[in-house]
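K.L.:
Data: coords.txt, compact mmCIF, C-alpha atoms and all ligand atoms.
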# COMPACT_ATOMS: atom_id res chain seq x y z
CA MET A 1 -37.60 -24.06 -74.68
CA THR A 2 -37.43 -26.54 -71.82
CA ALA A 3 -34.44 -28.71 -71.03
CA ALA A 4 -36.44 -31.68 -72.27
CA ASP A 5 -36.49 -30.14 -75.76
CA LEU A 6 -32.72 -30.25 -76.16
CA ALA A 7 -31.78 -31.64 -79.57
CA PRO A 8 -28.84 -33.97 -80.31
CA LEU A 9 -25.68 -32.05 -79.66
CA TYR A 10 -21.99 -32.31 -80.42
CA ILE A 11 -19.11 -30.55 -78.66
CA VAL A 12 -16.16 -29.57 -80.84
CA GLY A 13 -13.09 -29.10 -78.63
CA ALA A 14 -12.12 -31.24 -75.65
CA GLY A 15 -10.16 -28.77 -73.54
CA ARG A 16 -11.07 -27.54 -70.07
CA LEU A 17 -14.53 -26.27 -70.92
CA GLY A 18 -15.52 -28.73 -73.66
CA THR A 19 -14.66 -31.76 -71.52
CA ALA A 20 -16.47 -30.41 -68.45
CA LEU A 21 -19.53 -29.44 -70.51
CA GLY A 22 -19.57 -32.94 -72.00
CA VAL A 23 -19.46 -34.62 -68.59
CA LEU A 24 -22.06 -32.33 -67.00
CA LEU A 25 -24.49 -32.38 -69.93
CA GLY A 26 -24.07 -36.15 -70.28
CA ARG A 27 -24.75 -36.62 -66.55
CA ALA A 28 -27.83 -34.42 -66.87
CA GLY A 29 -29.20 -36.64 -69.62
CA ALA A 30 -28.66 -34.25 -72.53
CA PRO A 31 -28.55 -36.05 -75.90
CA LEU A 32 -24.78 -35.75 -76.41
CA LEU A 33 -23.59 -37.46 -79.61
CA GLY A 34 -19.92 -36.93 -78.81
CA LEU A 35 -16.89 -34.68 -78.54
CA TRP A 36 -14.03 -33.97 -80.87
CA SER A 37 -10.46 -33.21 -79.84
CA ARG A 38 -7.67 -32.01 -82.09
CA THR A 39 -5.24 -34.33 -80.33
CA ALA A 40 -5.27 -37.97 -79.19
CA GLN A 41 -4.26 -36.78 -75.71
CA GLY A 42 -7.40 -34.65 -75.35
CA ALA A 43 -9.54 -37.52 -76.63
CA GLN A 44 -8.00 -39.95 -74.11
CA ARG A 45 -8.68 -37.54 -71.27
CA ALA A 46 -12.33 -37.21 -72.31
CA GLU A 47 -12.72 -40.97 -72.86
CA ALA A 48 -11.31 -41.64 -69.40
CA LEU A 49 -14.28 -39.62 -68.13
CA GLY A 50 -16.70 -41.80 -70.10
CA LEU A 51 -17.20 -39.42 -73.04
CA PRO A 52 -17.25 -40.62 -76.65
CA CYS A 53 -14.46 -38.52 -78.16
CA ALA A 54 -13.06 -38.55 -81.71
CA HIS A 55 -9.74 -36.98 -82.65
CA GLY A 56 -7.89 -36.01 -85.80
CA ALA A 57 -10.17 -35.24 -88.76
CA LEU A 58 -13.57 -33.75 -87.93
CA PRO A 59 -15.91 -36.77 -87.80
CA ALA A 60 -19.04 -37.30 -89.92
CA GLU A 61 -20.98 -37.81 -86.65
CA ILE A 62 -21.07 -34.01 -86.21
CA GLY A 63 -23.40 -33.94 -89.22
CA ARG A 64 -26.12 -35.61 -87.10
CA ALA A 65 -26.15 -32.88 -84.47
CA SER A 66 -28.87 -30.22 -84.26
CA THR A 67 -26.78 -28.17 -81.82
CA VAL A 68 -23.01 -27.80 -82.20
CA ILE A 69 -20.97 -26.18 -79.40
CA LEU A 70 -17.55 -24.85 -80.39
CA ALA A 71 -15.34 -25.04 -77.29
CA VAL A 72 -12.00 -24.40 -78.96
CA HIS A 73 -9.54 -21.51 -78.37
CA ASP A 74 -11.13 -18.19 -79.26
CA GLU A 75 -8.63 -17.67 -82.11
CA ALA A 76 -9.60 -21.05 -83.61
CA VAL A 77 -13.40 -20.61 -83.48
CA ALA A 78 -13.79 -19.02 -86.93
CA VAL A 79 -11.36 -21.48 -88.57
CA VAL A 80 -13.11 -24.52 -87.09
CA ALA A 81 -16.55 -23.09 -87.92
CA GLY A 82 -15.43 -22.62 -91.54
CA ALA A 83 -14.06 -26.17 -91.66
CA LEU A 84 -17.36 -27.56 -90.34
CA LEU A 85 -19.32 -25.65 -92.97
CA ASP A 86 -16.97 -26.53 -95.84
CA GLY A 87 -16.97 -30.18 -94.76
CA GLY A 88 -20.79 -30.35 -94.92
CA LEU A 89 -20.89 -31.17 -91.21
CA LEU A 90 -23.56 -28.60 -90.33
CA ARG A 91 -26.28 -30.07 -92.54
CA GLN A 92 -28.53 -30.93 -89.56
CA ALA A 93 -27.36 -28.07 -87.35
CA ARG A 94 -30.05 -25.60 -86.37
CA THR A 95 -27.86 -23.88 -83.77
CA VAL A 96 -24.14 -23.28 -83.41
CA LEU A 97 -22.80 -21.82 -80.17
CA HIS A 98 -19.33 -20.60 -79.27
CA CYS A 99 -18.08 -20.09 -75.72
CA GLY A 100 -15.88 -16.97 -75.86
CA GLY A 101 -16.97 -13.98 -73.78
CA ALA A 102 -15.39 -11.10 -75.69
CA ARG A 103 -16.98 -11.45 -79.13
CA PRO A 104 -20.61 -11.73 -80.22
CA ALA A 105 -21.60 -14.86 -82.11
CA ALA A 106 -22.15 -13.04 -85.40
CA GLU A 107 -18.50 -11.93 -85.30
CA ALA A 108 -16.87 -15.04 -83.80
CA LEU A 109 -18.81 -17.34 -86.13
CA ALA A 110 -18.71 -15.02 -89.17
CA PRO A 111 -17.86 -17.85 -91.60
CA LEU A 112 -21.30 -19.32 -90.82
CA ALA A 113 -23.17 -16.22 -92.02
CA PRO A 114 -24.28 -17.97 -95.24
CA ALA A 115 -25.47 -21.07 -93.31
CA PRO A 116 -29.12 -21.37 -92.23
CA CYS A 117 -28.05 -21.75 -88.58
CA HIS A 118 -28.95 -19.82 -85.47
CA LEU A 119 -25.77 -18.40 -83.97
CA GLY A 120 -25.17 -17.77 -80.28
CA THR A 121 -22.81 -17.53 -77.35
CA LEU A 122 -22.78 -19.68 -74.21
CA HIS A 123 -20.17 -18.18 -71.88
CA PRO A 124 -19.62 -19.55 -68.39
CA LEU A 125 -18.74 -16.67 -66.08
CA ALA A 126 -16.14 -18.72 -64.25
CA ALA A 127 -12.38 -19.13 -63.99
CA LEU A 128 -11.88 -22.67 -65.25
CA ALA A 129 -8.27 -23.56 -64.52
CA ASN A 130 -8.73 -27.22 -65.55
CA HIS A 131 -11.58 -29.58 -66.33
CA VAL A 132 -11.69 -31.05 -62.80
CA GLN A 133 -12.17 -27.59 -61.26
CA ALA A 134 -14.69 -26.82 -64.02
CA LEU A 135 -16.78 -29.88 -63.10
CA ARG A 136 -17.16 -28.49 -59.58
CA GLN A 137 -17.57 -24.86 -60.52
CA LEU A 138 -19.91 -24.83 -63.52
CA PRO A 139 -23.04 -26.22 -61.80
CA THR A 140 -23.02 -23.41 -59.23
CA GLY A 141 -21.88 -20.65 -61.58
CA TRP A 142 -23.43 -18.04 -63.82
CA PHE A 143 -23.67 -18.20 -67.62
CA ALA A 144 -23.96 -15.40 -70.15
CA VAL A 145 -25.92 -15.93 -73.35
CA GLU A 146 -26.02 -13.91 -76.55
CA GLY A 147 -27.17 -14.34 -80.13
CA ASP A 148 -30.45 -14.62 -81.99
CA ALA A 149 -33.61 -15.60 -80.11
CA GLU A 150 -33.45 -19.32 -80.88
CA ALA A 151 -29.73 -19.61 -80.15
CA ARG A 152 -30.27 -17.84 -76.81
CA ALA A 153 -33.06 -20.28 -75.97
CA VAL A 154 -30.77 -23.25 -76.70
CA ALA A 155 -27.92 -21.69 -74.69
CA ARG A 156 -30.27 -21.04 -71.75
CA ALA A 157 -31.59 -24.61 -71.90
CA LEU A 158 -28.03 -26.00 -71.86
CA ALA A 159 -27.07 -23.77 -68.92
CA ALA A 160 -30.23 -24.89 -67.11
CA ARG A 161 -29.28 -28.54 -67.62
CA ILE A 162 -25.91 -27.83 -66.02
CA GLY A 163 -27.65 -26.24 -63.04
CA ALA A 164 -27.57 -22.50 -63.75
CA GLY A 165 -31.26 -22.00 -62.96
CA THR A 166 -31.88 -18.28 -63.09
CA ARG A 167 -28.16 -17.40 -62.97
CA ILE A 168 -28.23 -16.23 -66.59
CA ILE A 169 -26.90 -12.94 -67.95
CA GLU A 170 -28.49 -11.79 -71.22
CA LEU A 171 -25.92 -9.96 -73.34
CA GLU A 172 -26.24 -7.90 -76.49
CA ALA A 173 -23.60 -7.95 -79.22
CA GLU A 174 -22.42 -4.45 -78.29
CA THR A 175 -22.16 -5.17 -74.54
CA MET A 176 -20.04 -8.32 -74.80
CA THR A 177 -16.58 -6.80 -74.79
CA LEU A 178 -17.31 -4.64 -71.73
CA TYR A 179 -18.85 -7.65 -69.97
CA HIS A 180 -15.71 -9.69 -70.63
CA THR A 181 -13.45 -6.82 -69.56
CA ALA A 182 -15.27 -6.73 -66.21
CA ALA A 183 -14.83 -10.49 -65.84
CA VAL A 184 -11.11 -10.25 -66.56
CA ILE A 185 -10.63 -7.42 -64.03
CA ALA A 186 -12.60 -9.29 -61.36
CA SER A 187 -10.90 -12.63 -61.84
CA ASN A 188 -7.66 -12.66 -63.84
CA HIS A 189 -6.34 -9.29 -62.67
CA ALA A 190 -7.26 -10.10 -59.09
CA VAL A 191 -5.21 -13.30 -59.34
CA ALA A 192 -2.24 -11.31 -60.65
CA LEU A 193 -2.54 -8.96 -57.64
CA TRP A 194 -2.76 -11.89 -55.21
CA HIS A 195 0.38 -13.32 -56.82
CA GLY A 196 2.16 -10.04 -56.10
CA ALA A 197 0.97 -10.16 -52.47
CA LEU A 198 2.13 -13.77 -52.20
CA ARG A 199 5.64 -12.79 -53.31
CA LEU A 200 5.73 -10.05 -50.66
CA PHE A 201 4.57 -12.47 -47.94
CA GLN A 202 7.35 -14.83 -49.01
CA GLN A 203 9.89 -12.00 -48.78
CA ILE A 204 9.16 -11.71 -45.06
CA GLY A 205 10.13 -15.38 -44.66
CA LEU A 206 6.82 -17.23 -44.71
CA GLY A 207 6.86 -20.62 -46.44
CA LYS A 208 4.87 -21.06 -49.62
CA GLU A 209 2.16 -23.25 -48.05
CA GLN A 210 1.73 -21.03 -44.99
CA THR A 211 1.60 -17.98 -47.23
CA LEU A 212 -1.05 -19.49 -49.48
CA ALA A 213 -3.19 -20.56 -46.50
CA ALA A 214 -2.94 -17.09 -44.91
CA LEU A 215 -3.67 -15.40 -48.23
CA VAL A 216 -6.72 -17.59 -48.89
CA ALA A 217 -8.09 -16.79 -45.40
CA LEU A 218 -7.66 -13.08 -46.11
CA LEU A 219 -9.37 -13.40 -49.48
CA ARG A 220 -12.26 -15.34 -47.92
CA SER A 221 -12.82 -12.52 -45.42
CA THR A 222 -12.80 -10.04 -48.31
CA VAL A 223 -15.29 -12.04 -50.40
CA ASP A 224 -17.43 -12.49 -47.29
CA ASN A 225 -17.51 -8.70 -46.86
CA VAL A 226 -18.39 -8.18 -50.53
CA GLU A 227 -21.17 -10.74 -50.26
CA THR A 228 -22.53 -9.44 -46.95
CA LEU A 229 -21.99 -5.69 -47.23
CA GLY A 230 -21.78 -5.19 -50.99
CA LEU A 231 -19.64 -2.60 -52.76
CA PRO A 232 -18.27 -0.04 -52.02
CA ASP A 233 -18.86 -0.82 -48.33
CA ALA A 234 -16.64 -3.92 -48.38
CA LEU A 235 -13.53 -1.75 -48.81
CA THR A 236 -11.28 -1.68 -45.74
CA GLY A 237 -7.65 -0.59 -45.27
CA PRO A 238 -5.68 2.67 -45.35
CA VAL A 239 -7.47 4.30 -48.29
CA ARG A 240 -10.89 3.55 -46.78
CA ARG A 241 -9.64 5.02 -43.46
CA GLY A 242 -8.11 8.02 -45.24
CA ASP A 243 -4.62 7.28 -43.91
CA PRO A 244 -1.89 8.84 -46.16
CA ALA A 245 0.94 8.03 -43.70
CA THR A 246 0.40 4.28 -44.10
CA VAL A 247 0.16 4.57 -47.88
CA ALA A 248 3.48 6.46 -47.85
CA ARG A 249 5.08 3.70 -45.74
CA HIS A 250 3.87 1.08 -48.20
CA LEU A 251 5.28 2.98 -51.17
CA GLU A 252 8.61 3.37 -49.41
CA ALA A 253 8.77 -0.35 -48.54
CA LEU A 254 7.93 -1.35 -52.09
CA GLN A 255 10.56 0.98 -53.49
CA ARG A 256 13.14 -0.79 -51.33
CA HIS A 257 11.99 -4.42 -51.57
CA ALA A 258 9.83 -4.88 -54.68
CA PRO A 259 10.01 -1.80 -56.93
CA GLU A 260 8.30 -3.70 -59.77
CA LEU A 261 5.11 -3.69 -57.67
CA ALA A 262 5.15 0.06 -56.94
CA PRO A 263 3.31 1.08 -60.16
CA VAL A 264 0.69 -1.61 -59.50
CA TYR A 265 0.24 -0.37 -55.92
CA ARG A 266 -0.11 3.20 -57.15
CA ALA A 267 -2.69 2.24 -59.80
CA CYS A 268 -4.72 0.17 -57.33
CA THR A 269 -4.57 2.92 -54.71
CA ALA A 270 -5.90 5.36 -57.31
CA ALA A 271 -8.78 2.95 -58.00
CA ALA A 272 -9.39 2.54 -54.26
CA LEU A 273 -9.76 6.35 -53.92
CA ALA A 274 -12.95 6.21 -55.99
CA THR A 275 -14.26 3.24 -53.98
CA ALA A 276 -13.46 4.94 -50.66
CA ARG A 277 -15.12 8.17 -51.83
CA ALA A 278 -18.25 6.20 -52.72
CA ALA A 279 -18.09 4.52 -49.29
CA GLY A 280 -18.03 7.91 -47.55
CA THR A 281 -14.37 8.54 -46.69
CA PRO A 282 -13.91 12.35 -46.35
CA ASP A 283 -12.54 14.10 -49.44
CA GLU A 284 -9.80 15.88 -47.47
CA ALA A 285 -8.12 12.61 -46.46
CA LEU A 286 -8.47 11.19 -49.94
CA SER A 287 -6.91 14.32 -51.46
CA ALA A 288 -3.82 13.82 -49.29
CA ILE A 289 -3.47 10.26 -50.62
CA ALA A 290 -4.05 11.44 -54.20
CA ALA A 291 -1.29 14.02 -53.74
CA LEU A 292 1.11 11.24 -52.66
CA LEU A 293 0.32 9.32 -55.83
CA ASP A 294 0.98 12.38 -57.96
CA ARG A 295 4.55 12.63 -56.66
CA SER A 296 7.06 10.76 -58.83
CA ASP A 297 9.44 10.28 -55.85
CA THR A 298 8.44 8.26 -52.82
CA PRO A 299 7.96 10.53 -49.82
CA PRO A 300 9.41 9.34 -46.56
CA ALA A 301 6.75 7.76 -44.38
CA GLY A 302 5.21 10.26 -42.03
CA GLU A 303 6.14 13.29 -44.16
N1 LIG A 401 -11.09 -21.50 -69.21
C1 LIG A 401 -11.97 -20.57 -68.82
O1 LIG A 401 -11.90 -20.07 -67.71
C2 LIG A 401 -13.11 -20.17 -69.74
C3 LIG A 401 -14.18 -19.48 -69.16
C4 LIG A 401 -15.22 -19.09 -69.99
C5 LIG A 401 -15.16 -19.35 -71.36
N2 LIG A 401 -14.09 -20.01 -71.88
C6 LIG A 401 -14.08 -20.24 -73.33
O2 LIG A 401 -14.13 -21.61 -73.60
C7 LIG A 401 -13.51 -21.85 -74.88
C8 LIG A 401 -12.52 -22.98 -74.72
O3 LIG A 401 -11.57 -22.57 -73.75
P1 LIG A 401 -10.87 -23.59 -72.75
O4 LIG A 401 -10.63 -22.84 -71.50
O5 LIG A 401 -11.60 -24.87 -72.70
O6 LIG A 401 -9.48 -23.74 -73.46
P2 LIG A 401 -8.51 -25.01 -73.53
O7 LIG A 401 -8.61 -25.84 -72.32
O8 LIG A 401 -7.19 -24.47 -73.91
O9 LIG A 401 -9.12 -25.84 -74.73
C9 LIG A 401 -9.18 -25.31 -76.03
C10 LIG A 401 -9.31 -26.44 -77.01
O10 LIG A 401 -9.23 -25.86 -78.33
C11 LIG A 401 -8.43 -26.70 -79.13
N3 LIG A 401 -7.86 -25.94 -80.22
C12 LIG A 401 -7.00 -24.91 -80.15
N4 LIG A 401 -6.69 -24.47 -81.39
C13 LIG A 401 -7.38 -25.26 -82.25
C14 LIG A 401 -7.48 -25.31 -83.66
N5 LIG A 401 -6.84 -24.45 -84.46
N6 LIG A 401 -8.27 -26.25 -84.20
C15 LIG A 401 -8.94 -27.09 -83.43
N7 LIG A 401 -8.90 -27.12 -82.08
C16 LIG A 401 -8.11 -26.19 -81.50
C17 LIG A 401 -7.35 -27.19 -78.18
O11 LIG A 401 -6.78 -28.33 -78.70
P3 LIG A 401 -5.31 -28.80 -78.20
O12 LIG A 401 -5.54 -29.39 -76.84
O13 LIG A 401 -4.95 -29.78 -79.24
O14 LIG A 401 -4.46 -27.57 -78.21
C18 LIG A 401 -8.16 -27.45 -76.90
O15 LIG A 401 -8.72 -28.74 -76.90
C19 LIG A 401 -12.91 -20.54 -75.33
O16 LIG A 401 -13.79 -19.91 -76.21
C20 LIG A 401 -12.83 -19.73 -74.03
O17 LIG A 401 -12.89 -18.35 -74.24
C21 LIG A 401 -13.07 -20.43 -71.11
For the file at hand, write its structure as structure tokens.
Ligand SMILES: NC(=O)c1ccc[n+]([C@@H]2O[C@H](COP(=O)([O-])OP(=O)(O)OC[C@H]3O[C@@H](n4cnc5c(N)ncnc54)[C@H](OP(=O)(O)O)[C@@H]3O)[C@@H](O)[C@H]2O)c1

P.N.:
Amino acid sequence: MTAADLAPLYIVGAGRLGTALGVLLGRAGAPLLGLWSRTAQGAQRAEALGLPCAHGALPAEIGRASTVILAVHDEAVAVVAGALLDGGLLRQARTVLHCGGARPAAEALAPLAPAPCHLGTLHPLAALANHVQALRQLPTGWFAVEGDAEARAVARALAARIGAGTRIIELEAETMTLYHTAAVIASNHAVALWHGALRLFQQIGLGKEQTLAALVALLRSTVDNVETLGLPDALTGPVRRGDPATVARHLEALQRHAPELAPVYRACTAAALATARAAGTPDEALSAIAALLDRSDTPPAGE
């Protein structure tokens, strides 16, 4: 299917993703009939961006769409899908897509099993904190698609319209949860770690803005290394160097100043052992660090 073959589509849900998809697909000339928001506030936000957006009861207009994208909370997808079916609003729909990354379409859209629709997943592999960020990030990002052959073709065509090109990941129903777990580790968990680091920087007296700027510069150098050298070679720091004395100092400092971060540091150091081993750090040095982690007390630095 080419982008030119896209059929009339409707986006149900005007949150971060739904609104951004509406703007980007509309800009790209996709035949967008409209959006629906549960609340007037969501509809106003979408309308301010030039999108036709209904709110309240699901509108009859959805019944004219050949492709329906459900961009509501993951927990609401099945409920809204059922309401669309029961309300006779899928009578023209050939394809229904949902946007969650953790569940295959057949499961997320289970209430549509009796409907003669192709079911699929269109999941942007991106951290969309709000619709403004999403407008910038989606056209350069990757998308994962899943579902039956026709639903995948529609999902790919939509992603192509947004600008994904060949940045498409083909998923199978049984690989979705692992795929999403990887995405959460890489993005959400990383943010939680950076937040911990930010609090430590602030404890040494840096202001919030200075801290954030310094942290972002550090992260950019890290991402640059990942991009240029790949993994595991991008790993730097005491575990990569096989330096147990520095790890012991860190554990001691955390115990004194931020004990709540000590278990996180230990868990991440354990993960870094495997990365360092793969990068070629000698086993002997890594064993000394592993032994430190096995101790329930915090050894004095230099012990
Ligand atoms: N944000 C991301 O980084 C990201 C990335 C990839 C995929 N996704 C997927 O995109 C989908 C939408 O997520 P989002 O980030 O756009 O979330 P969001 O900004 O919170 O928007 C979710 C929308 O769902 C609506 N909604 C919630 N419960 C509903 C219900 N019971 N009935 C009808 N509408 C309901 C909300 O309406 P109200 O505003 O009235 O609450 C809101 O408009 C999800 O499947 C998510 O997994 C998100």

K.L.:
For Thr236 (chain A), which residue among A:Leu218, A:Leu24, A:Leu35, A:Ala190 is the nearest when counting all atoms listed in the file?

P.N.:
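With all atoms listed in the file as the atom set, the closest residue is A:Leu218.
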
K.L.:
Give the residue list for ligand LIG 401 (chain A) at 9 Å, counting all atoms listed in the file, as a PyMOL selection string, sorted by chain and then by residue number.

P.N.:
chain A and resi 12-20+36-43+70-77+79-80+98-102+122-131+134+143

K.L.:
Which residues come within 9 Å of region 258-269 of chain A, counting all atoms listed in the file, excluding same-chain residues fewer than 4 positions away, as an mmCIF file with C-alpha atoms, in the coordinates of the input?

P.N.:
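Saved as selection-v4.cif:
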data_model
loop_
_atom_site.group_PDB
_atom_site.id
_atom_site.type_symbol
_atom_site.label_atom_id
_atom_site.label_comp_id
_atom_site.auth_asym_id
_atom_site.auth_seq_id
_atom_site.Cartn_x
_atom_site.Cartn_y
_atom_site.Cartn_z
ATOM 1 C CA LEU A 193 -2.540 -8.960 -57.640
ATOM 2 C CA GLY A 196 2.160 -10.040 -56.100
ATOM 3 C CA LEU A 200 5.730 -10.050 -50.660
ATOM 4 C CA VAL A 239 -7.470 4.300 -48.290
ATOM 5 C CA VAL A 247 0.160 4.570 -47.880
ATOM 6 C CA HIS A 250 3.870 1.080 -48.200
ATOM 7 C CA LEU A 251 5.280 2.980 -51.170
ATOM 8 C CA GLU A 252 8.610 3.370 -49.410
ATOM 9 C CA ALA A 253 8.770 -0.350 -48.540
ATOM 10 C CA LEU A 254 7.930 -1.350 -52.090
ATOM 11 C CA LEU A 273 -9.760 6.350 -53.920
ATOM 12 C CA ILE A 289 -3.470 10.260 -50.620
ATOM 13 C CA ALA A 290 -4.050 11.440 -54.200
ATOM 14 C CA LEU A 293 0.320 9.320 -55.830
#

K.L.:
Choose the residue, out of A:Ala115, A:Ala78, A:Ala105, A:Leu219, that has the smallest atom-to-atom separation from Arg152 (chain A); count only C-alpha atoms.

P.N.:
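Between A:Ala115, A:Ala78, A:Ala105, A:Leu219, the residue approaching Arg152 (chain A) most closely is A:Ala105.
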
K.L.:
Excluding same-chain residues fewer than 2 positions from Gly22 (chain A), what lies within 10 Å of it counting only C-alpha atoms, as a list of chain:residue names?

P.N.:
A:Leu9, A:Tyr10, A:Ile11, A:Ala14, A:Leu17, A:Gly18, A:Thr19, A:Ala20, A:Leu24, A:Leu25, A:Gly26, A:Arg27, A:Ala28, A:Ala30, A:Leu32, A:Leu33, A:Gly34, A:Leu35, A:Ala46, A:Leu49, A:Gly50, A:Leu51, A:Pro52, A:Cys53, A:Leu135

K.L.:
Next, write the just-selected residues to a file, as a short mmCIF file (atom, residue, chain, number, x, y, z; two decimals), in the frame of the given file, keeping C-alpha atoms as the atom set.

P.N.:
data_model
loop_
_atom_site.label_atom_id
_atom_site.label_comp_id
_atom_site.auth_asym_id
_atom_site.auth_seq_id
_atom_site.Cartn_x
_atom_site.Cartn_y
_atom_site.Cartn_z
CA LEU A 9 -25.68 -32.05 -79.66
CA TYR A 10 -21.99 -32.31 -80.42
CA ILE A 11 -19.11 -30.55 -78.66
CA ALA A 14 -12.12 -31.24 -75.65
CA LEU A 17 -14.53 -26.27 -70.92
CA GLY A 18 -15.52 -28.73 -73.66
CA THR A 19 -14.66 -31.76 -71.52
CA ALA A 20 -16.47 -30.41 -68.45
CA LEU A 24 -22.06 -32.33 -67.00
CA LEU A 25 -24.49 -32.38 -69.93
CA GLY A 26 -24.07 -36.15 -70.28
CA ARG A 27 -24.75 -36.62 -66.55
CA ALA A 28 -27.83 -34.42 -66.87
CA ALA A 30 -28.66 -34.25 -72.53
CA LEU A 32 -24.78 -35.75 -76.41
CA LEU A 33 -23.59 -37.46 -79.61
CA GLY A 34 -19.92 -36.93 -78.81
CA LEU A 35 -16.89 -34.68 -78.54
CA ALA A 46 -12.33 -37.21 -72.31
CA LEU A 49 -14.28 -39.62 -68.13
CA GLY A 50 -16.70 -41.80 -70.10
CA LEU A 51 -17.20 -39.42 -73.04
CA PRO A 52 -17.25 -40.62 -76.65
CA CYS A 53 -14.46 -38.52 -78.16
CA LEU A 135 -16.78 -29.88 -63.10
#

K.L.:
For Ala106 (chain A), which of A:Val216, A:Leu85, A:Leu286, A:Met176 is the closest residue, counting all atoms listed in the file?

P.N.:
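Result for the nearest residue to Ala106 (chain A): A:Met176.
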
K.L.:
Between A:Gly242, A:Pro8, A:Gly120, A:Gly141, which residue has the minimum interatomic distance to Leu171 (chain A), considering only C-alpha atoms?

P.N.:
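Selected residue with least distance to Leu171 (chain A): A:Gly120.
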
K.L.:
Using all atoms listed in the file, which of A:Glu107, A:Ala248, A:Ala291, A:Ala274 sits nearest Thr177 (chain A)?

P.N.:
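Once distances to Thr177 (chain A) are computed over all atoms listed in the file, the minimum belongs to A:Glu107.
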
K.L.:
Provide the CA of Ala159 (chain A) to CA of Thr67 (chain A) distance in Å, to one decimal place.

P.N.:
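Interatomic distance here is 13.6 Å.
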
K.L.:
For region 42-54 of chain A, which lacks atoms in the input, supply N, CA, C and O atoms and format the output as an mmCIF file, keeping the file's coordinate frame.

P.N.:
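New file out-v3.cif:
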data_model
loop_
_atom_site.group_PDB
_atom_site.id
_atom_site.type_symbol
_atom_site.label_atom_id
_atom_site.label_comp_id
_atom_site.auth_asym_id
_atom_site.auth_seq_id
_atom_site.Cartn_x
_atom_site.Cartn_y
_atom_site.Cartn_z
ATOM 1 N N GLY A 42 -6.134 -35.231 -75.808
ATOM 2 C CA GLY A 42 -7.400 -34.650 -75.350
ATOM 3 C C GLY A 42 -8.514 -35.686 -75.406
ATOM 4 O O GLY A 42 -9.365 -35.769 -74.509
ATOM 5 N N ALA A 43 -8.499 -36.497 -76.485
ATOM 6 C CA ALA A 43 -9.540 -37.520 -76.630
ATOM 7 C C ALA A 43 -9.424 -38.561 -75.519
ATOM 8 O O ALA A 43 -10.436 -38.993 -74.950
ATOM 9 N N GLN A 44 -8.185 -38.947 -75.187
ATOM 10 C CA GLN A 44 -8.000 -39.950 -74.110
ATOM 11 C C GLN A 44 -8.516 -39.414 -72.785
ATOM 12 O O GLN A 44 -9.142 -40.135 -72.010
ATOM 13 N N ARG A 45 -8.231 -38.135 -72.530
ATOM 14 C CA ARG A 45 -8.680 -37.540 -71.270
ATOM 15 C C ARG A 45 -10.207 -37.563 -71.191
ATOM 16 O O ARG A 45 -10.793 -37.938 -70.179
ATOM 17 N N ALA A 46 -10.855 -37.223 -72.295
ATOM 18 C CA ALA A 46 -12.330 -37.210 -72.310
ATOM 19 C C ALA A 46 -12.876 -38.639 -72.188
ATOM 20 O O ALA A 46 -13.844 -38.874 -71.464
ATOM 21 N N GLU A 47 -12.231 -39.579 -72.901
ATOM 22 C CA GLU A 47 -12.720 -40.970 -72.860
ATOM 23 C C GLU A 47 -12.565 -41.562 -71.470
ATOM 24 O O GLU A 47 -13.399 -42.355 -71.022
ATOM 25 N N ALA A 48 -11.506 -41.143 -70.769
ATOM 26 C CA ALA A 48 -11.310 -41.640 -69.400
ATOM 27 C C ALA A 48 -12.460 -41.180 -68.490
ATOM 28 O O ALA A 48 -12.714 -41.781 -67.447
ATOM 29 N N LEU A 49 -13.132 -40.122 -68.900
ATOM 30 C CA LEU A 49 -14.280 -39.620 -68.130
ATOM 31 C C LEU A 49 -15.604 -40.178 -68.668
ATOM 32 O O LEU A 49 -16.683 -39.712 -68.303
ATOM 33 N N GLY A 50 -15.490 -41.128 -69.585
ATOM 34 C CA GLY A 50 -16.700 -41.800 -70.100
ATOM 35 C C GLY A 50 -17.337 -41.099 -71.277
ATOM 36 O O GLY A 50 -18.480 -41.399 -71.629
ATOM 37 N N LEU A 51 -16.606 -40.156 -71.916
ATOM 38 C CA LEU A 51 -17.200 -39.420 -73.040
ATOM 39 C C LEU A 51 -16.750 -40.020 -74.363
ATOM 40 O O LEU A 51 -15.552 -40.305 -74.531
ATOM 41 N N PRO A 52 -17.664 -40.198 -75.321
ATOM 42 C CA PRO A 52 -17.250 -40.620 -76.650
ATOM 43 C C PRO A 52 -16.511 -39.467 -77.332
ATOM 44 O O PRO A 52 -17.087 -38.397 -77.516
ATOM 45 N N CYS A 53 -15.241 -39.657 -77.643
ATOM 46 C CA CYS A 53 -14.460 -38.520 -78.160
ATOM 47 C C CYS A 53 -13.606 -38.937 -79.354
ATOM 48 O O CYS A 53 -12.747 -39.813 -79.238
ATOM 49 N N ALA A 54 -13.864 -38.304 -80.505
ATOM 50 C CA ALA A 54 -13.060 -38.550 -81.710
ATOM 51 C C ALA A 54 -11.868 -37.599 -81.701
ATOM 52 O O ALA A 54 -11.875 -36.595 -80.990
#
